[in-house]
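Student: To be precise about what I am sending: the file is called query_8.cif and holds mmCIF, C-alpha atoms and all ligand atoms.
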```cif
data_run
#
loop_
_atom_site.label_atom_id
_atom_site.label_comp_id
_atom_site.auth_asym_id
_atom_site.auth_seq_id
_atom_site.Cartn_x
_atom_site.Cartn_y
_atom_site.Cartn_z
CA MET V 1 -28.35 29.31 93.85
CA PRO V 2 -26.80 26.77 96.27
CA ASP V 3 -23.09 27.22 96.97
CA ILE V 4 -21.69 24.17 95.18
CA SER V 5 -18.01 24.15 94.43
CA ILE V 6 -16.48 22.32 91.52
CA ALA V 7 -13.58 19.93 92.09
CA GLU V 8 -10.27 21.70 91.63
CA ARG V 9 -8.92 19.10 89.20
CA VAL V 10 -11.88 19.87 86.92
CA SER V 11 -12.11 23.62 87.36
CA GLY V 12 -8.53 23.90 86.03
CA LEU V 13 -9.42 22.20 82.71
CA ARG V 14 -9.62 24.34 79.59
CA PRO V 15 -11.43 23.70 76.33
CA THR V 16 -9.08 22.68 73.50
CA ALA V 17 -7.78 25.32 71.07
CA VAL V 18 -10.19 24.08 68.40
CA ASN V 19 -13.12 24.53 70.78
CA ARG V 20 -12.01 27.99 71.89
CA VAL V 21 -11.54 29.13 68.31
CA LEU V 22 -14.88 27.54 67.32
CA GLN V 23 -16.58 29.61 70.00
CA ALA V 24 -15.02 32.84 68.71
CA MET V 25 -15.93 31.83 65.18
CA ARG V 26 -19.57 31.17 66.06
CA ALA V 27 -19.82 34.55 67.80
CA LEU V 28 -18.64 36.29 64.62
CA GLU V 29 -20.97 34.20 62.46
CA ALA V 30 -23.87 35.17 64.72
CA GLU V 31 -23.07 38.79 63.79
CA GLY V 32 -23.55 37.83 60.15
CA ARG V 33 -19.88 37.40 59.18
CA SER V 34 -19.01 34.70 56.67
CA LEU V 35 -15.93 32.71 57.64
CA VAL V 36 -14.07 29.85 55.99
CA SER V 37 -12.64 27.33 58.41
CA LEU V 38 -9.26 25.70 57.76
CA MET V 39 -8.79 24.61 61.32
CA ARG V 40 -10.34 21.25 62.14
CA GLY V 41 -8.79 17.82 61.71
CA GLN V 42 -12.03 16.28 60.57
CA PRO V 43 -11.84 14.56 57.14
CA ASP V 44 -14.65 15.84 54.92
CA THR V 45 -14.91 12.63 52.93
CA PRO V 46 -17.86 10.43 53.95
CA THR V 47 -17.36 7.11 55.74
CA PRO V 48 -16.95 4.49 52.97
CA PRO V 49 -20.33 2.87 52.12
CA HIS V 50 -19.33 -0.72 52.93
CA ILE V 51 -18.61 0.36 56.52
CA VAL V 52 -21.94 2.19 56.82
CA GLU V 53 -23.68 -0.91 55.42
CA ALA V 54 -22.00 -3.12 58.02
CA ALA V 55 -23.36 -0.88 60.81
CA VAL V 56 -26.86 -0.91 59.33
CA ARG V 57 -26.74 -4.70 58.97
CA ALA V 58 -25.57 -5.07 62.58
CA LEU V 59 -28.41 -2.84 63.79
CA ARG V 60 -30.94 -4.86 61.80
CA ASP V 61 -29.46 -8.04 63.26
CA GLY V 62 -30.19 -6.72 66.75
CA ARG V 63 -26.59 -6.00 67.72
CA THR V 64 -27.77 -3.40 70.22
CA GLY V 65 -26.94 -4.92 73.60
CA TYR V 66 -24.00 -4.11 75.86
CA PRO V 67 -20.70 -4.80 74.16
CA ASP V 68 -17.98 -6.98 75.62
CA ASN V 69 -16.29 -4.32 77.77
CA ARG V 70 -12.83 -5.23 76.43
CA GLY V 71 -14.18 -4.91 72.92
CA GLU V 72 -16.11 -7.41 70.82
CA PRO V 73 -13.92 -10.47 70.15
CA ALA V 74 -14.27 -10.13 66.37
CA LEU V 75 -12.99 -6.55 66.47
CA ARG V 76 -10.10 -7.45 68.78
CA ARG V 77 -9.14 -10.20 66.32
CA ALA V 78 -9.40 -7.75 63.41
CA VAL V 79 -7.06 -5.34 65.24
CA ALA V 80 -4.55 -8.14 65.96
CA ASP V 81 -4.63 -9.22 62.29
CA LYS V 82 -4.13 -5.64 61.12
CA LEU V 83 -1.15 -5.03 63.42
CA ARG V 84 0.47 -8.28 62.25
CA ARG V 85 -0.24 -7.57 58.58
CA GLU V 86 0.91 -3.95 58.54
CA GLN V 87 3.59 -3.73 61.24
CA GLY V 88 4.60 -7.36 61.81
CA LEU V 89 3.49 -6.97 65.44
CA SER V 90 1.98 -9.89 67.31
CA TYR V 91 -0.63 -9.26 70.03
CA ASP V 92 -2.97 -11.70 71.75
CA PRO V 93 -6.50 -10.40 71.04
CA ASP V 94 -7.77 -11.79 74.36
CA ARG V 95 -5.15 -10.22 76.61
CA GLU V 96 -3.24 -7.51 74.79
CA ILE V 97 -5.87 -5.53 72.89
CA LEU V 98 -8.51 -3.14 74.18
CA ILE V 99 -11.25 -1.43 72.17
CA THR V 100 -11.91 2.18 73.16
CA ASP V 101 -14.17 5.11 72.32
CA GLY V 102 -11.75 6.69 69.87
CA ALA V 103 -8.11 7.39 70.60
CA THR V 104 -9.34 9.91 73.18
CA LEU V 105 -10.43 7.19 75.62
CA GLY V 106 -7.37 5.09 74.77
CA ILE V 107 -5.08 7.93 75.82
CA TYR V 108 -7.19 8.59 78.90
CA ALA V 109 -7.08 4.92 79.96
CA ALA V 110 -3.34 4.56 79.24
CA LEU V 111 -2.51 7.66 81.30
CA GLY V 112 -4.86 6.49 84.05
CA ALA V 113 -3.19 3.09 84.18
CA LEU V 114 0.36 4.44 84.27
CA LEU V 115 0.43 7.77 86.12
CA LYS V 116 0.87 8.05 89.85
CA ASP V 117 0.05 11.31 91.64
CA HIS V 118 2.55 14.06 90.81
CA ASP V 119 4.20 12.05 88.06
CA SER V 120 5.09 13.91 84.94
CA VAL V 121 4.58 13.06 81.27
CA MET V 122 7.38 13.84 78.84
CA LEU V 123 5.48 15.54 76.07
CA PRO V 124 6.91 16.99 72.85
CA ASP V 125 6.42 20.73 72.41
CA PRO V 126 4.51 21.71 70.31
CA ILE V 127 1.85 18.97 70.30
CA TYR V 128 -1.90 18.24 70.13
CA ASP V 129 -3.24 20.27 73.03
CA ALA V 130 -5.94 17.80 74.14
CA TYR V 131 -3.33 15.62 75.91
CA ALA V 132 -3.06 18.25 78.65
CA GLY V 133 -6.59 17.66 80.03
CA PRO V 134 -6.35 13.95 80.89
CA ILE V 135 -2.82 14.43 82.24
CA ALA V 136 -4.18 17.06 84.64
CA LEU V 137 -7.21 14.93 85.52
CA TRP V 138 -4.88 12.12 86.58
CA GLN V 139 -3.10 14.65 88.85
CA ALA V 140 0.09 14.60 86.85
CA GLU V 141 2.18 17.26 85.19
CA VAL V 142 3.83 17.86 81.85
CA THR V 143 7.55 17.95 81.20
CA PRO V 144 7.75 19.67 77.82
CA VAL V 145 10.39 18.26 75.48
CA PRO V 146 11.21 21.08 73.08
CA ALA V 147 11.39 20.19 69.41
CA THR V 148 13.71 21.98 67.04
CA VAL V 149 13.34 22.49 63.33
CA ARG V 150 16.04 20.60 61.38
CA ASP V 151 15.96 20.36 57.60
CA GLY V 152 12.47 21.84 57.57
CA ARG V 153 10.95 19.38 60.05
CA PHE V 154 10.26 19.49 63.78
CA VAL V 155 12.24 16.78 65.60
CA PHE V 156 13.61 15.83 68.98
CA GLY V 157 15.68 12.92 70.21
CA ALA V 158 17.59 11.49 73.15
CA ARG V 159 19.51 14.73 73.67
CA GLU V 160 16.36 16.78 74.28
CA LEU V 161 14.91 14.02 76.47
CA LYS V 162 18.09 13.85 78.56
CA ASP V 163 18.11 17.63 78.95
CA ARG V 164 14.63 17.46 80.46
CA ARG V 165 15.21 14.33 82.53
CA ASN V 166 13.72 14.61 86.04
CA THR V 167 12.73 12.26 88.81
CA ARG V 168 9.01 12.73 88.28
CA ALA V 169 8.97 12.00 84.56
CA SER V 170 7.44 8.55 84.25
CA VAL V 171 5.80 8.29 80.82
CA ILE V 172 6.76 9.42 77.32
CA LEU V 173 3.87 10.35 75.03
CA LEU V 174 4.53 10.34 71.29
CA ASN V 175 2.38 11.12 68.31
CA THR V 176 3.52 9.86 64.90
CA PRO V 177 2.57 11.26 62.40
CA TRP V 178 2.75 14.25 64.71
CA ASN V 179 -0.09 16.76 65.10
CA PRO V 180 0.33 19.68 64.47
CA VAL V 181 3.80 19.63 62.92
CA GLY V 182 3.47 16.78 60.39
CA THR V 183 6.69 14.90 61.20
CA VAL V 184 6.61 11.15 60.54
CA PHE V 185 9.27 9.67 62.82
CA THR V 186 11.76 7.36 61.14
CA ARG V 187 12.61 3.97 62.58
CA ASP V 188 16.02 5.28 63.68
CA GLU V 189 14.51 8.29 65.44
CA LEU V 190 12.05 6.03 67.25
CA ALA V 191 14.82 3.59 68.20
CA GLU V 192 16.73 6.46 69.81
CA ILE V 193 13.69 7.60 71.80
CA VAL V 194 12.80 4.10 72.94
CA GLU V 195 16.40 3.43 73.92
CA TYR V 196 16.32 6.55 76.07
CA ALA V 197 13.05 5.28 77.61
CA GLY V 198 14.84 2.16 78.85
CA SER V 199 17.96 3.90 80.13
CA GLY V 200 18.72 5.57 83.45
CA HIS V 201 16.91 5.04 86.74
CA HIS V 202 13.44 5.05 85.30
CA ASP V 203 11.91 2.61 82.90
CA HIS V 204 9.54 4.80 80.91
CA PRO V 205 6.56 3.31 79.12
CA VAL V 206 5.89 4.97 75.76
CA ILE V 207 2.33 5.83 74.79
CA SER V 208 2.27 6.06 71.01
CA ASP V 209 -0.71 7.82 69.45
CA GLU V 210 -0.77 6.64 65.81
CA ILE V 211 -4.11 8.03 64.73
CA TYR V 212 -2.73 9.62 61.50
CA GLU V 213 -0.85 6.44 60.51
CA THR V 214 -2.30 6.12 57.00
CA LEU V 215 -1.98 9.82 56.18
CA VAL V 216 1.71 9.66 55.23
CA TYR V 217 2.97 11.16 51.99
CA ASP V 218 5.58 10.86 49.26
CA GLY V 219 5.87 7.10 49.65
CA ARG V 220 6.78 7.23 53.34
CA ARG V 221 5.73 4.44 55.70
CA HIS V 222 4.39 4.80 59.20
CA VAL V 223 6.46 2.97 61.81
CA SER V 224 5.27 2.25 65.33
CA PRO V 225 7.87 2.48 68.12
CA ALA V 226 6.69 -0.99 69.15
CA VAL V 227 8.43 -2.52 66.11
CA VAL V 228 11.94 -1.27 66.72
CA SER V 229 12.86 -4.13 69.09
CA ALA V 230 11.32 -6.83 71.27
CA GLU V 231 12.09 -4.64 74.27
CA ALA V 232 10.38 -1.65 72.63
CA ARG V 233 7.24 -3.72 72.16
CA GLU V 234 7.23 -4.45 75.90
CA ARG V 235 7.27 -0.76 76.83
CA THR V 236 4.95 0.64 74.13
CA ILE V 237 1.20 1.14 74.29
CA VAL V 238 -0.08 1.64 70.76
CA VAL V 239 -3.12 3.93 70.66
CA ASN V 240 -5.10 4.22 67.46
CA SER V 241 -8.56 4.91 66.11
CA LEU V 242 -10.66 4.66 62.99
CA SER V 243 -11.49 8.39 63.12
CA LYS V 244 -9.07 9.68 60.48
CA THR V 245 -8.21 6.52 58.54
CA TYR V 246 -11.81 5.73 57.57
CA ALA V 247 -13.36 9.20 58.02
CA MET V 248 -15.20 7.94 61.12
CA THR V 249 -14.65 10.79 63.59
CA GLY V 250 -18.24 10.68 64.84
CA TRP V 251 -18.38 6.91 65.32
CA ARG V 252 -16.09 7.07 68.35
CA VAL V 253 -14.18 3.84 67.94
CA GLY V 254 -10.51 3.13 68.50
CA TYR V 255 -8.16 0.53 69.93
CA CYS V 256 -5.02 0.01 71.98
CA ALA V 257 -2.41 -2.74 71.97
CA GLY V 258 0.28 -3.34 74.55
CA PRO V 259 1.71 -5.64 77.18
CA GLU V 260 -0.90 -7.62 79.07
CA PRO V 261 -0.53 -6.06 82.57
CA ILE V 262 -0.93 -2.54 81.15
CA ILE V 263 -3.88 -3.48 78.94
CA ARG V 264 -5.51 -5.17 81.96
CA ALA V 265 -5.11 -1.99 84.02
CA MET V 266 -6.43 0.15 81.16
CA PHE V 267 -9.43 -2.13 80.88
CA LEU V 268 -10.22 -1.48 84.55
CA VAL V 269 -10.02 2.29 83.94
CA LEU V 270 -12.23 2.05 80.86
CA GLN V 271 -14.78 -0.03 82.73
CA GLN V 272 -15.30 2.85 85.17
CA SER V 273 -16.17 5.20 82.35
CA SER V 274 -17.57 4.34 78.92
CA ARG V 275 -17.40 0.51 78.79
CA GLY V 276 -16.59 0.74 75.13
CA PRO V 277 -18.21 1.81 71.86
CA ALA V 278 -21.67 0.61 70.78
CA THR V 279 -21.80 -3.02 69.67
CA PHE V 280 -22.97 -2.26 66.11
CA VAL V 281 -20.23 0.36 65.76
CA GLN V 282 -17.69 -2.29 66.69
CA ASP V 283 -19.08 -4.62 64.01
CA ALA V 284 -18.66 -1.85 61.42
CA ALA V 285 -15.12 -1.19 62.67
CA ALA V 286 -14.25 -4.88 62.24
CA CYS V 287 -15.58 -4.68 58.69
CA ALA V 288 -13.42 -1.58 58.04
CA LEU V 289 -10.24 -3.30 59.23
CA ASN V 290 -10.93 -6.64 57.52
CA SER V 291 -11.96 -5.27 54.11
CA ASP V 292 -9.85 -4.29 51.12
CA GLN V 293 -8.00 -1.03 51.99
CA GLU V 294 -8.49 0.62 48.58
CA CYS V 295 -10.64 3.36 50.16
CA VAL V 296 -7.77 4.22 52.51
CA ARG V 297 -5.26 4.45 49.65
CA GLY V 298 -7.70 6.74 47.82
CA MET V 299 -7.97 9.05 50.83
CA THR V 300 -4.19 9.20 51.26
CA ALA V 301 -3.78 10.24 47.62
CA GLU V 302 -6.50 12.88 48.00
CA TYR V 303 -4.94 14.37 51.13
CA GLN V 304 -1.49 14.41 49.58
CA ALA V 305 -2.90 16.40 46.64
CA ARG V 306 -4.55 18.83 49.08
CA ARG V 307 -1.31 19.22 51.02
CA ASP V 308 0.47 20.10 47.80
CA ARG V 309 -2.23 22.63 46.93
CA VAL V 310 -1.85 24.37 50.30
CA VAL V 311 1.94 24.53 50.09
CA GLU V 312 1.92 25.79 46.51
CA ARG V 313 -0.73 28.46 47.17
CA LEU V 314 1.03 29.82 50.25
CA ARG V 315 4.52 30.12 48.77
CA GLY V 316 5.96 33.48 47.78
CA ILE V 317 4.45 35.57 50.59
CA PRO V 318 7.15 37.77 52.19
CA GLY V 319 7.83 36.72 55.78
CA VAL V 320 5.81 33.48 55.45
CA GLU V 321 7.12 29.99 54.69
CA PRO V 322 4.98 26.85 54.49
CA MET V 323 6.64 23.75 56.01
CA VAL V 324 5.88 20.64 53.96
CA PRO V 325 4.36 18.00 56.28
CA GLU V 326 5.39 14.35 55.90
CA GLY V 327 2.03 13.19 57.23
CA GLY V 328 -1.20 14.24 58.96
CA LEU V 329 -3.77 16.82 57.98
CA PHE V 330 -1.99 20.12 58.62
CA VAL V 331 0.55 22.46 57.07
CA MET V 332 2.50 24.58 59.54
CA LEU V 333 3.18 28.06 58.26
CA ASP V 334 6.25 29.76 59.61
CA VAL V 335 5.08 33.37 60.07
CA ARG V 336 7.95 34.66 62.20
CA GLY V 337 8.85 37.04 59.39
CA LEU V 338 5.61 38.96 60.01
CA GLY V 339 6.95 40.14 63.36
CA LYS V 340 3.76 39.47 65.34
CA PRO V 341 2.74 36.79 67.87
CA SER V 342 0.99 33.92 66.09
CA GLU V 343 -2.22 34.50 68.07
CA ASP V 344 -2.40 38.11 66.80
CA VAL V 345 -1.89 36.84 63.25
CA SER V 346 -4.66 34.23 63.53
CA ARG V 347 -7.01 36.76 65.16
CA TYR V 348 -6.42 39.22 62.31
CA LEU V 349 -7.00 36.47 59.75
CA MET V 350 -10.32 35.51 61.34
CA ARG V 351 -11.64 39.05 61.88
CA ASP V 352 -10.25 40.85 58.85
CA ALA V 353 -9.60 38.18 56.23
CA GLY V 354 -12.50 35.84 57.09
CA VAL V 355 -10.43 32.65 57.35
CA VAL V 356 -9.94 30.55 60.47
CA VAL V 357 -6.65 28.80 61.28
CA ILE V 358 -5.08 27.98 64.64
CA HIS V 359 -2.11 29.83 66.10
CA GLY V 360 0.83 27.53 66.71
CA SER V 361 1.28 28.76 70.30
CA ALA V 362 -1.96 26.91 71.17
CA TYR V 363 0.13 23.72 70.89
CA GLY V 364 2.84 24.87 73.29
CA PRO V 365 5.50 27.59 73.40
CA GLY V 366 7.45 25.67 70.73
CA GLY V 367 4.64 26.41 68.27
CA GLU V 368 4.99 30.18 68.59
CA GLY V 369 5.70 31.81 65.25
CA THR V 370 3.60 29.33 63.29
CA LEU V 371 0.01 28.83 62.13
CA ARG V 372 -1.67 25.44 61.70
CA VAL V 373 -3.58 25.23 58.42
CA SER V 374 -5.84 22.20 58.04
CA PHE V 375 -6.49 20.55 54.69
CA ALA V 376 -9.07 18.13 56.14
CA ALA V 377 -11.67 20.12 54.19
CA GLY V 378 -11.06 20.16 50.44
CA GLY V 379 -12.78 21.35 47.28
CA GLU V 380 -14.26 24.82 47.19
CA THR V 381 -13.83 25.35 50.93
CA LEU V 382 -10.09 24.81 50.66
CA ASP V 383 -9.79 27.02 47.58
CA ARG V 384 -11.77 29.89 49.12
CA GLY V 385 -9.95 29.53 52.43
CA LEU V 386 -6.55 29.60 50.72
CA ASP V 387 -7.50 32.69 48.69
CA ARG V 388 -8.48 34.51 51.87
CA LEU V 389 -5.43 33.27 53.73
CA ARG V 390 -3.09 34.41 50.98
CA GLN V 391 -4.73 37.83 50.80
CA GLY V 392 -4.72 38.28 54.57
CA LEU V 393 -1.07 37.26 54.89
CA LEU V 394 -0.07 39.53 51.99
CA SER V 395 -1.74 42.47 53.78
CA LEU V 396 0.14 41.65 56.99
CA ALA V 397 3.40 41.30 55.06
CA GLU V 398 2.81 44.67 53.44
CA ALA V 399 2.14 46.29 56.83
CA ALA V 400 5.29 44.67 58.28
CA ARG V 401 7.53 46.10 55.51
CA PRO V 402 9.86 48.82 56.77
CA PRO V 403 9.00 52.22 55.21
CA ARG V 404 11.22 53.20 52.26
C1 LIG N 501 -3.19 13.47 67.69
C2 LIG N 501 -4.62 13.16 67.94
N1 LIG N 501 -4.94 12.18 68.81
C3 LIG N 501 -6.22 11.89 69.09
C4 LIG N 501 -7.26 12.57 68.50
C5 LIG N 501 -8.69 12.21 68.85
O1 LIG N 501 -8.97 10.99 68.26
P1 LIG N 501 -10.36 10.24 68.34
O2 LIG N 501 -11.30 10.90 67.39
O3 LIG N 501 -10.02 8.87 67.87
O4 LIG N 501 -10.80 10.27 69.74
C6 LIG N 501 -6.99 13.60 67.58
C7 LIG N 501 -8.08 14.35 66.95
O5 LIG N 501 -7.92 15.31 66.25
C8 LIG N 501 -5.63 13.89 67.30
O6 LIG N 501 -5.30 14.87 66.44
#
```
Any chance you could give the structure as structure tokens?
Ligand SMILES: Cc1ncc(COP(=O)(O)O)c(C=O)c1O
Tutor:
Amino acid sequence: MPDISIAERVSGLRPTAVNRVLQAMRALEAEGRSLVSLMRGQPDTPTPPHIVEAAVRALRDGRTGYPDNRGEPALRRAVADKLRREQGLSYDPDREILITDGATLGIYAALGALLKDHDSVMLPDPIYDAYAGPIALWQAEVTPVPATVRDGRFVFGARELKDRRNTRASVILLNTPWNPVGTVFTRDELAEIVEYAGSGHHDHPVISDEIYETLVYDGRRHVSPAVVSAEARERTIVVNSLSKTYAMTGWRVGYCAGPEPIIRAMFLVLQQSSRGPATFVQDAAACALNSDQECVRGMTAEYQARRDRVVERLRGIPGVEPMVPEGGLFVMLDVRGLGKPSEDVSRYLMRDAGVVVIHGSAYGPGGEGTLRVSFAAGGETLDRGLDRLRQGLLSLAEAARPPR
């Protein structure tokens, strides 16, 4: 075997929590164990048929050549129309919108355009763990911004940002609705964060990952930080994707909107990697955005009902408290009352109760003491998973009870 060394910036990368847990799960399944997974954020509903039809039509029409690397003009226009219609935001489709391979490439390109070596990204803790990889690849670091639980929801604001202020911090990365904790930021909370971003010595751009925007419950509305003021629009890069909204995780199509110089730089980054999603996929995405949104409303109602089922089924377990999410696909379970690290709890649940959830500490130290339970899968899978989860947690609660 030749002695070939791997670049340090790559050898330090780790698979995401979902991938690590999937590996452990597959090893157990290979031993013949039957497991129910409540861990992935992959909607189990199929992509709506009119979107599938649009892709098939595009393929039949020969839409198989290289796409416009910025994104097909019709899709960029559809994105601009959507942002105007839903958020009252105005972006020039020729200069201020970029089509990407899912939000994943949007985040990668935004970080690549904005981070200088040894910069730091102000990142809420806990948060979606896949942000760490691209930040490291761009030779930057993370400044964790600890969230606290107030009135049953994880939040942070200008105070926490100021406490963590440092000379290297150059970018703020937000996710609303927020994976894993389910907070949907209010307009006032976003205004406070964006105001902080423009104060002090550094002018921080805000990358706003809005991939769960339509999965908001109890009549709430998603707000982008870009809408809070004209100045906020000038410092915000909106990152979004069709993955969750239209159950299109495998299609790999997303989009970004932001000020022209940043979008231009992101375009250069993207051109060195994927050069955008397949042309026929972009046609289907334009159809999704331009069509009646009834299918989206139907999915939101379905996921709200699932959320309620999870919360109801997991109440009344000693030492365990479900936190009701305002949006997204996950319920966080506060398991501090069980007196064990969350990773031990999730390991026990997988090995002994046959149900797979993710320990909150996978999303940062601020997630310790919680479990992330996904309701992206519904029906019988959700029911069986919840039965096992309830049983497993009851056994742990029983074991944690002091002897009488
Ligand atoms: C917060 C967040 N951002 C981005 C992604 C990835 O999005 P995409 O499928 O559009 O690449 C996920 C996937 O779970 C996510 O939870």
Student: Mind giving me the axis-aligned box for ligand LIG 501 (chain N) with 4 Å on every side, centre plus edges in Å to one decimal, as lines of an AutoDock Vina configuration file?
Tutor:
```
center_x = -7.2
center_y = 12.1
center_z = 68.0
size_x = 16.1
size_y = 14.4
size_z = 11.5
```
Student: In Å, rounded to a single decimal, give me how far CA of Val21 (chain V) is from CA of Arg384 (chain V).
Tutor: 19.2 Å
Student: Under the rule that only C-alpha atoms are counted, which of V:Arg220, V:Arg233, V:Arg347, V:Lys244 is the nearest residue to Ile207 (chain V)?
Tutor: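 That would be V:Arg233, the residue with the smallest distance to Ile207 (chain V).
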Student: Between V:Arg372, V:Arg20, V:Arg252, V:Arg84, which has the minimum distance to ligand LIG 501 (chain N) (counting only C-alpha atoms and all ligand atoms)?
Tutor: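 Residue with the minimum atom-to-atom distance to ligand LIG 501 (chain N): V:Arg252.
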Student: Hey, what's within 12 Å of region 35-37 of chain V if we count all atoms listed in the file and toss same-chain stuff fewer than 5 positions away? As a tab-separated table (two decimals) with C-alpha atoms, in the coordinates of the input, please?
Tutor:
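Final output, out.tsv:
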```tsv
chain	number	residue	atom	x	y	z
V	18	VAL	CA	-10.19	24.08	68.40
V	21	VAL	CA	-11.54	29.13	68.31
V	22	LEU	CA	-14.88	27.54	67.32
V	24	ALA	CA	-15.02	32.84	68.71
V	25	MET	CA	-15.93	31.83	65.18
V	26	ARG	CA	-19.57	31.17	66.06
V	27	ALA	CA	-19.82	34.55	67.80
V	28	LEU	CA	-18.64	36.29	64.62
V	29	GLU	CA	-20.97	34.20	62.46
V	30	ALA	CA	-23.87	35.17	64.72
V	42	GLN	CA	-12.03	16.28	60.57
V	346	SER	CA	-4.66	34.23	63.53
V	349	LEU	CA	-7.00	36.47	59.75
V	350	MET	CA	-10.32	35.51	61.34
V	351	ARG	CA	-11.64	39.05	61.88
V	352	ASP	CA	-10.25	40.85	58.85
V	353	ALA	CA	-9.60	38.18	56.23
V	354	GLY	CA	-12.50	35.84	57.09
V	355	VAL	CA	-10.43	32.65	57.35
V	356	VAL	CA	-9.94	30.55	60.47
V	357	VAL	CA	-6.65	28.80	61.28
V	358	ILE	CA	-5.08	27.98	64.64
V	372	ARG	CA	-1.67	25.44	61.70
V	373	VAL	CA	-3.58	25.23	58.42
V	374	SER	CA	-5.84	22.20	58.04
V	375	PHE	CA	-6.49	20.55	54.69
V	376	ALA	CA	-9.07	18.13	56.14
V	377	ALA	CA	-11.67	20.12	54.19
V	378	GLY	CA	-11.06	20.16	50.44
V	380	GLU	CA	-14.26	24.82	47.19
V	381	THR	CA	-13.83	25.35	50.93
V	382	LEU	CA	-10.09	24.81	50.66
V	383	ASP	CA	-9.79	27.02	47.58
V	384	ARG	CA	-11.77	29.89	49.12
V	385	GLY	CA	-9.95	29.53	52.43
V	386	LEU	CA	-6.55	29.60	50.72
V	387	ASP	CA	-7.50	32.69	48.69
V	388	ARG	CA	-8.48	34.51	51.87
V	389	LEU	CA	-5.43	33.27	53.73
```
Student: Check which residues fall inside 6 Å of ligand LIG 501 (chain N) when counting all atoms listed in the file, and print them as JSON, numbers by chain.
Tutor: {"V": [41, 102, 103, 104, 128, 179, 211, 241, 243, 249, 254]}
Student: Please produce a file of the residues just selected, as a short mmCIF file (atom, residue, chain, number, x, y, z; two decimals), in the frame of the given file, where the atoms kept are C-alpha atoms.
Tutor:
```cif
data_model
loop_
_atom_site.label_atom_id
_atom_site.label_comp_id
_atom_site.auth_asym_id
_atom_site.auth_seq_id
_atom_site.Cartn_x
_atom_site.Cartn_y
_atom_site.Cartn_z
CA GLY V 41 -8.79 17.82 61.71
CA GLY V 102 -11.75 6.69 69.87
CA ALA V 103 -8.11 7.39 70.60
CA THR V 104 -9.34 9.91 73.18
CA TYR V 128 -1.90 18.24 70.13
CA ASN V 179 -0.09 16.76 65.10
CA ILE V 211 -4.11 8.03 64.73
CA SER V 241 -8.56 4.91 66.11
CA SER V 243 -11.49 8.39 63.12
CA THR V 249 -14.65 10.79 63.59
CA GLY V 254 -10.51 3.13 68.50
#
```
Student: Would you kindly identify which residues have an atom no farther than 12 Å from (2.1, 5.5, 77.8), using all atoms listed in the file and the file's own coordinates, and write them out as a ChimeraX atom specification?
Tutor: /V:106-115,120-123,131,135,169-175,194,197,203-209,225-226,233-239,256-259,262-263,266
Student: What is the CA of Arg221 (chain V)-CA of Pro177 (chain V) distance in Å, reported with one decimal?
Tutor: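 Straight-line distance from CA of Arg221 (chain V) to CA of Pro177 (chain V) works out to 10.1 Å.
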Student: One number please: CA of Glu72 (chain V) to CA of Arg60 (chain V), in Å, one decimal.
Tutor: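 Between CA of Glu72 (chain V) and CA of Arg60 (chain V) the gap works out to 17.5 Å.
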Student: Using all atoms listed in the file, find the one residue out of V:Arg307, V:His50, V:Arg85, V:His118 that sits nearest to Val216 (chain V).
Tutor: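 Smallest distance to Val216 (chain V) is found for V:Arg307.
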Student: If we count all atoms listed in the file and set the cut-off at 10 Å, which residues sit around Tyr196 (chain V), ignoring sequence neighbours fewer than 4 positions away in its own chain? Please answer as a PDB file with C-alpha atoms, in the coordinates of the input.
Tutor:
```
ATOM      1  CA  GLY V 157      15.680  12.920  70.210  1.00  0.00           C
ATOM      2  CA  ALA V 158      17.590  11.490  73.150  1.00  0.00           C
ATOM      3  CA  ARG V 159      19.510  14.730  73.670  1.00  0.00           C
ATOM      4  CA  LEU V 161      14.910  14.020  76.470  1.00  0.00           C
ATOM      5  CA  LYS V 162      18.090  13.850  78.560  1.00  0.00           C
ATOM      6  CA  LEU V 190      12.050   6.030  67.250  1.00  0.00           C
ATOM      7  CA  ALA V 191      14.820   3.590  68.200  1.00  0.00           C
ATOM      8  CA  GLU V 192      16.730   6.460  69.810  1.00  0.00           C
ATOM      9  CA  GLY V 200      18.720   5.570  83.450  1.00  0.00           C
ATOM     10  CA  HIS V 202      13.440   5.050  85.300  1.00  0.00           C
ATOM     11  CA  ASP V 203      11.910   2.610  82.900  1.00  0.00           C
ATOM     12  CA  HIS V 204       9.540   4.800  80.910  1.00  0.00           C
TER      13      HIS V 204
END
```
Student: I need every residue sitting at most 12 Å from the point (5.7, 29.4, 70.6) (coordinates as in the file, all atoms listed in the file considered), written as an MDAnalysis selection string.
Tutor: chainID V and resid 125:127 146:148 334:336 340:343 359:371
Student: Taking into account only C-alpha atoms, which residue in the set V:Pro403, V:Gly250, V:Gly392, V:Gly339 is nearest to Val281 (chain V)?
Tutor: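 Using only C-alpha atoms, the shortest distance to Val281 (chain V) belongs to V:Gly250.
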